[in-house]
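Asker: Got query39.txt for you, compact mmCIF, C-alpha atoms:
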```
# COMPACT_ATOMS: atom_id res chain seq x y z
CA MET A 1184 225.80 -11.49 53.38
CA SER A 1185 228.56 -10.55 50.95
CA LYS A 1186 227.95 -7.30 49.11
CA GLY A 1187 229.61 -8.62 45.98
CA GLY A 1188 233.15 -8.10 44.77
CA GLU A 1189 236.33 -9.53 46.22
CA VAL A 1190 237.17 -6.85 48.76
CA ALA A 1191 236.43 -7.73 52.38
CA TYR A 1192 234.31 -5.23 54.30
CA ILE A 1193 233.23 -4.61 57.87
CA PRO A 1194 229.46 -4.99 58.34
CA ASP A 1195 227.57 -1.77 59.00
CA ASP A 1196 224.27 -0.98 60.71
CA SER A 1197 222.25 -2.03 57.66
CA ASP A 1198 223.89 -5.48 57.68
CA PHE A 1199 223.01 -5.97 61.35
CA SER A 1200 219.48 -4.71 60.75
CA HIS A 1201 219.04 -7.14 57.84
CA PHE A 1202 220.41 -10.01 59.94
CA ARG A 1203 218.01 -9.21 62.79
CA HIS A 1204 215.09 -9.10 60.37
CA GLN A 1205 215.98 -12.57 59.06
CA CYS A 1206 216.06 -13.93 62.61
CA GLU A 1207 212.74 -12.45 63.66
CA ASN A 1208 210.75 -12.79 60.44
CA GLN A 1209 209.07 -16.16 59.69
CA GLU A 1210 207.96 -15.49 56.12
CA GLY A 1211 209.61 -17.88 53.68
CA TRP A 1212 210.84 -20.20 56.45
CA SER A 1213 209.71 -23.79 56.95
CA ARG A 1214 209.68 -25.25 60.48
CA GLU A 1215 211.70 -28.48 60.60
CA TYR A 1216 211.82 -29.20 64.32
CA SER A 1217 210.17 -27.94 67.50
CA LYS A 1218 210.75 -29.75 70.77
CA GLY A 1219 212.21 -29.15 74.21
CA GLY A 1220 212.26 -25.39 73.82
CA VAL A 1221 214.23 -25.47 70.55
CA THR A 1222 212.82 -24.59 67.13
CA VAL A 1223 214.64 -25.11 63.83
CA TRP A 1224 213.59 -23.61 60.50
CA SER A 1225 215.03 -23.95 57.00
CA GLN A 1226 214.64 -21.62 54.07
CA VAL A 1227 214.10 -22.84 50.54
CA GLN A 1228 216.71 -21.19 48.36
CA GLU A 1229 216.44 -20.02 44.80
CA GLU A 1230 217.35 -22.63 42.20
CA ASN A 1231 220.82 -21.25 41.58
CA ILE A 1232 221.69 -21.29 45.30
CA ALA A 1233 222.31 -24.82 46.52
CA VAL A 1234 223.33 -23.88 50.05
CA GLN A 1235 220.65 -24.33 52.68
CA LYS A 1236 219.97 -21.55 55.16
CA ILE A 1237 218.83 -22.66 58.60
CA LYS A 1238 217.72 -20.78 61.68
CA MET A 1239 217.32 -21.89 65.29
CA GLN A 1240 215.80 -20.42 68.42
CA ILE A 1241 216.05 -21.42 72.07
CA THR A 1242 214.67 -19.77 75.20
CA CYS A 1243 217.36 -19.54 77.87
CA LYS A 1244 215.83 -19.15 81.31
CA ASP A 1245 218.15 -17.94 84.06
CA VAL A 1246 220.86 -16.88 81.59
CA SER A 1247 221.20 -13.14 81.10
CA PRO A 1248 221.80 -11.80 77.59
CA GLU A 1249 225.20 -10.38 78.57
CA THR A 1250 226.29 -13.78 79.94
CA LEU A 1251 225.34 -15.55 76.71
CA TYR A 1252 227.14 -12.83 74.76
CA ASP A 1253 230.28 -13.50 76.82
CA VAL A 1254 229.95 -17.27 76.26
CA LEU A 1255 229.84 -16.82 72.47
CA HIS A 1256 232.90 -14.55 72.51
CA ASP A 1257 235.10 -16.39 75.01
CA THR A 1258 237.35 -18.73 72.99
CA HIS A 1259 238.97 -20.12 76.15
CA TYR A 1260 235.60 -21.20 77.51
CA ARG A 1261 234.53 -22.60 74.16
CA LYS A 1262 236.97 -25.46 74.65
CA LYS A 1263 234.91 -26.49 77.70
CA TRP A 1264 231.57 -26.89 75.92
CA ASP A 1265 232.07 -27.21 72.15
CA SER A 1266 233.06 -30.86 71.74
CA ASN A 1267 232.93 -30.55 67.94
CA MET A 1268 235.67 -27.93 67.93
CA ILE A 1269 239.16 -29.10 67.01
CA GLU A 1270 240.92 -25.74 67.18
CA THR A 1271 239.98 -22.07 67.36
CA HIS A 1272 241.99 -18.90 67.70
CA ASP A 1273 241.79 -15.21 66.90
CA ILE A 1274 244.07 -14.08 64.07
CA GLY A 1275 243.90 -10.30 64.39
CA ARG A 1276 241.68 -7.30 65.00
CA LEU A 1277 240.29 -4.92 62.43
CA THR A 1278 238.38 -2.46 64.64
CA VAL A 1279 237.07 -2.36 68.22
CA ASN A 1280 234.15 -4.58 67.15
CA ALA A 1281 235.57 -6.69 64.30
CA ASP A 1282 238.24 -9.36 64.08
CA VAL A 1283 239.35 -12.34 62.00
CA GLY A 1284 239.53 -15.86 63.39
CA TYR A 1285 240.13 -19.51 62.57
CA TYR A 1286 237.86 -22.42 63.54
CA SER A 1287 238.09 -26.13 62.70
CA TRP A 1288 235.15 -28.46 63.22
CA ARG A 1289 234.99 -32.22 63.80
CA CYS A 1290 232.38 -33.58 61.40
CA PRO A 1291 230.55 -36.82 62.12
CA SER A 1292 232.46 -39.80 60.72
CA PRO A 1293 232.76 -40.72 57.82
CA LEU A 1294 232.66 -37.08 56.63
CA LYS A 1295 235.90 -35.11 56.37
CA ASN A 1296 236.49 -32.40 58.96
CA ARG A 1297 235.91 -28.76 57.96
CA ASP A 1298 237.61 -25.48 58.79
CA PHE A 1299 236.82 -21.78 58.36
CA VAL A 1300 238.55 -18.40 58.33
CA THR A 1301 235.96 -15.73 59.10
CA LEU A 1302 235.61 -12.00 59.61
CA ARG A 1303 233.47 -11.51 62.69
CA SER A 1304 231.72 -8.36 63.85
CA TRP A 1305 229.54 -7.67 66.87
CA LEU A 1306 227.05 -5.06 68.01
CA PRO A 1307 225.54 -4.54 71.49
CA LEU A 1308 222.17 -2.77 71.28
CA GLY A 1309 220.97 -2.00 74.80
CA ASN A 1310 220.10 -5.39 76.30
CA ASP A 1311 220.27 -7.16 72.93
CA TYR A 1312 223.40 -8.37 71.15
CA MET A 1313 224.40 -9.54 67.69
CA ILE A 1314 227.47 -11.36 66.42
CA ILE A 1315 227.80 -12.07 62.68
CA ASN A 1316 230.50 -13.50 60.43
CA TYR A 1317 231.36 -14.44 56.86
CA SER A 1318 234.32 -16.24 55.29
CA VAL A 1319 237.41 -14.43 54.11
CA LYS A 1320 240.79 -15.38 52.66
CA HIS A 1321 243.89 -14.55 54.70
CA PRO A 1322 247.32 -15.06 53.07
CA LYS A 1323 248.77 -16.76 56.16
CA TYR A 1324 245.83 -19.17 56.54
CA PRO A 1325 245.46 -21.07 53.24
CA PRO A 1326 243.44 -24.32 53.07
CA ARG A 1327 245.06 -27.23 54.94
CA LYS A 1328 245.25 -30.71 53.49
CA GLU A 1329 243.68 -32.39 56.53
CA PHE A 1330 240.53 -30.23 56.31
CA VAL A 1331 237.96 -29.21 53.74
CA ARG A 1332 237.87 -25.41 53.75
CA ALA A 1333 234.17 -24.54 54.09
CA ILE A 1334 232.54 -21.17 53.55
CA SER A 1335 230.28 -19.17 55.84
CA LEU A 1336 228.14 -17.08 53.51
CA GLN A 1337 226.53 -15.62 56.61
CA THR A 1338 226.36 -16.93 60.15
CA GLY A 1339 225.42 -15.20 63.35
CA TYR A 1340 223.67 -14.93 66.67
CA LEU A 1341 220.94 -12.60 67.93
CA ILE A 1342 220.48 -12.50 71.71
CA LYS A 1343 217.26 -10.83 72.89
CA ALA A 1344 216.51 -9.97 76.51
CA THR A 1345 213.22 -11.36 77.83
CA GLY A 1346 212.83 -9.11 80.85
CA ASN A 1347 213.18 -11.79 83.54
CA ARG A 1348 216.98 -12.04 83.47
CA GLY A 1349 216.62 -14.61 80.74
CA CYS A 1350 217.01 -14.34 76.99
CA ILE A 1351 216.11 -15.81 73.63
CA LEU A 1352 218.96 -16.92 71.38
CA TYR A 1353 218.64 -17.04 67.61
CA TYR A 1354 221.30 -18.71 65.49
CA LEU A 1355 221.16 -18.30 61.72
CA THR A 1356 223.63 -19.90 59.35
CA GLN A 1357 224.20 -20.37 55.66
CA VAL A 1358 227.33 -22.44 55.14
CA ASP A 1359 228.71 -23.96 51.97
CA PRO A 1360 230.37 -27.21 53.14
CA ARG A 1361 232.27 -27.48 49.84
CA GLY A 1362 231.02 -30.93 49.10
CA SER A 1363 228.01 -32.80 47.85
CA LEU A 1364 226.55 -34.08 51.09
CA PRO A 1365 224.08 -36.95 51.30
CA LYS A 1366 220.48 -35.91 51.99
CA TRP A 1367 220.51 -37.86 55.26
CA VAL A 1368 223.29 -35.57 56.53
CA VAL A 1369 221.18 -32.47 55.84
CA ASN A 1370 218.24 -34.06 57.66
CA LYS A 1371 220.43 -35.06 60.62
CA VAL A 1372 221.65 -31.47 60.96
CA SER A 1373 218.14 -30.02 61.38
CA GLN A 1374 216.72 -32.88 63.45
CA TYR A 1375 219.65 -33.77 65.69
CA VAL A 1376 222.87 -31.76 65.40
CA ALA A 1377 221.33 -28.26 65.45
CA PRO A 1378 218.98 -28.72 68.45
CA LYS A 1379 221.77 -30.41 70.41
CA ALA A 1380 224.15 -27.54 69.67
CA MET A 1381 221.61 -24.98 70.92
CA LYS A 1382 221.06 -26.88 74.15
CA LYS A 1383 224.82 -27.04 74.70
CA ILE A 1384 225.11 -23.25 74.37
CA TYR A 1385 222.28 -22.86 76.91
CA LYS A 1386 224.01 -25.23 79.36
CA ALA A 1387 227.28 -23.38 78.79
CA GLY A 1388 225.53 -20.14 79.70
CA LEU A 1389 224.28 -21.58 82.98
CA LYS A 1390 227.80 -22.66 83.97
CA TYR A 1391 229.76 -19.67 82.66
CA PRO A 1392 229.50 -17.20 85.61
CA GLU A 1393 231.00 -19.71 88.03
CA TRP A 1394 233.73 -20.71 85.55
CA LYS A 1395 234.60 -17.09 84.72
CA GLN A 1396 235.04 -16.25 88.40
CA ARG A 1397 237.99 -18.67 88.39
CA HIS A 1398 239.43 -17.63 84.99
CA GLU A 1399 240.42 -13.95 84.71
CA PRO A 1400 237.00 -12.58 85.69
CA GLY A 1401 237.84 -9.04 84.58
CA PHE A 1402 239.25 -10.00 81.19
CA LYS A 1403 236.67 -9.45 78.45
CA PRO A 1404 238.32 -7.80 75.45
CA TRP A 1405 235.05 -8.02 73.50
CA VAL A 1406 233.56 -5.66 76.10
CA TYR A 1407 236.74 -3.71 76.98
CA PRO A 1408 238.65 -3.19 73.72
CA GLU A 1409 241.65 -1.71 75.54
CA GLN A 1410 242.34 -5.28 76.79
CA ASN A 1411 242.68 -6.58 73.22
CA THR A 1412 246.29 -7.57 72.50
CA LEU A 1413 245.67 -9.08 69.07
CA PRO A 1414 247.82 -7.71 66.24
CA SER A 1415 246.07 -5.18 64.04
CA ILE A 1416 245.39 -6.34 60.52
CA SER A 1417 244.25 -4.36 57.52
CA LEU A 1418 241.19 -5.04 55.39
CA ALA A 1419 243.55 -4.85 52.42
CA GLU A 1420 245.13 -8.16 53.56
CA LEU A 1421 241.76 -9.91 53.23
CA SER A 1422 239.40 -10.83 50.43
CA VAL A 1423 235.99 -12.49 50.37
CA GLN A 1424 236.31 -16.29 50.18
CA ARG A 1425 234.67 -17.47 46.98
CA ALA A 1426 233.52 -21.05 46.47
CA ASP A 1427 235.02 -21.47 43.02
CA SER A 1428 238.56 -21.09 44.37
CA LEU A 1429 238.22 -24.06 46.73
CA GLU A 1430 238.18 -27.82 46.27
CA ASN A 1431 234.73 -29.37 46.05
CA ILE A 1432 234.51 -32.98 47.25
CA ASP A 1433 231.76 -35.51 46.67
CA GLU A 1434 230.60 -37.25 49.84
CA SER A 1435 227.07 -37.90 48.58
CA GLY A 1436 227.63 -41.66 48.37
CA LEU A 1437 228.46 -42.11 52.05
CA SER A 1438 225.90 -44.26 53.83
CA GLU A 1439 224.16 -43.37 57.06
CA ASP A 1440 224.97 -46.66 58.75
CA ARG A 1441 228.65 -45.63 58.83
CA MET A 1442 227.89 -42.39 60.61
CA ARG A 1443 229.22 -41.85 64.10
CA ILE A 1444 228.34 -38.71 66.03
CA SER A 1445 231.03 -38.33 68.64
CA ASP A 1446 229.51 -36.31 71.41
CA GLU A 1447 229.86 -37.00 75.08
CA GLU A 1448 226.94 -34.70 75.97
CA THR A 1449 223.47 -36.19 76.22
```
Let's see the structure in the file written out as structure tokens.
Answerer:
Amino acid sequence: MSKGGEVAYIPDDSDFSHFRHQCENQEGWSREYSKGGVTVWSQVQEENIAVQKIKMQITCKDVSPETLYDVLHDTHYRKKWDSNMIETHDIGRLTVNADVGYYSWRCPSPLKNRDFVTLRSWLPLGNDYMIINYSVKHPKYPPRKEFVRAISLQTGYLIKATGNRGCILYYLTQVDPRGSLPKWVVNKVSQYVAPKAMKKIYKAGLKYPEWKQRHEPGFKPWVYPEQNTLPSISLAELSVQRADSLENIDESGLSEDRMRISDEET
């Protein structure tokens, strides 16, 4: 998603349009998994790009697009459903529809945990919504020794209304984990981790309206920017996170029989 160069930028309409096209277009994508309402595709990358791009889709009956949009924005609610999350918080706002945030992720043992600093932007389009991000460097959030700082080259969600108060959710991601991962890990992601994550978002959407009624129901700064109390930050404080400035670890020798996926959800 990066337009080249080191300067961070706020995605414009053409970036959102390109992201939507990638979600909806099947050319060049290979289907890896299709079961229980979830489909997962991967895209074969050019030889000089080692980072896999994957895309997922789930049909969410009885969850409106605006509810799912709220779920994906609401960091307080995320702690209720994202059991892989260690920590997340917003760092600062750039515009009414762009901010910078931190997220750390519990990887399946024996892999090291990862974290990200990303610039996130969002765009409501009638009854459809998009949220996209990419990794940036922030001077107050350098890599931490207990995590491997990973890179989101492009990650995002497209929520499409289906006309019956339901929606279809697309999730597309291209992440550099900053490490040589074993092939079995890559296979596990498309066959197990990714479908499970999509189902958890769907379940979270079903439960969100009732939860939100009890937790500041009128507070939605992603919808009402005047509620946003985050400190303003300048694009000049940020730069695009490049892979060559980060540690690269080799986990390719780790065996599958040592893997533990800690997840209380079935």
Asker: Which residue gives the smallest distance to Thr1345 (chain A) among A:Cys1206, A:Ile1315, A:Val1221, A:Cys1243, with only C-alpha atoms counted?
Answerer: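 Distance minimum relative to Thr1345 (chain A) lands on A:Cys1243.
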Asker: Find the residues near Lys1386 (chain A): any atom within 10 Å, counting only C-alpha atoms, skip ones fewer than 6 places away on the same chain, and give them as a ChimeraX atom specification.
Answerer: /A:1243,1246,1264,1380
Asker: What is the CA of Leu1277 (chain A) to CA of Cys1350 (chain A) distance in Å?
Answerer: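 Going from CA of Leu1277 (chain A) over to CA of Cys1350 (chain A) covers 29.0 Å.
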Asker: Quick one, how far is CA of Ser1335 (chain A) from CA of Asp1195 (chain A)?
Answerer: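 CA of Asp1195 (chain A) lies at a distance of 17.9 Å from CA of Ser1335 (chain A).
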Asker: Would you mind reading off the distance between CA of Cys1290 (chain A) and CA of Leu1421 (chain A), one decimal, in Å?
Answerer: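 Calculated distance between CA of Cys1290 (chain A) and CA of Leu1421 (chain A) is 26.7 Å.
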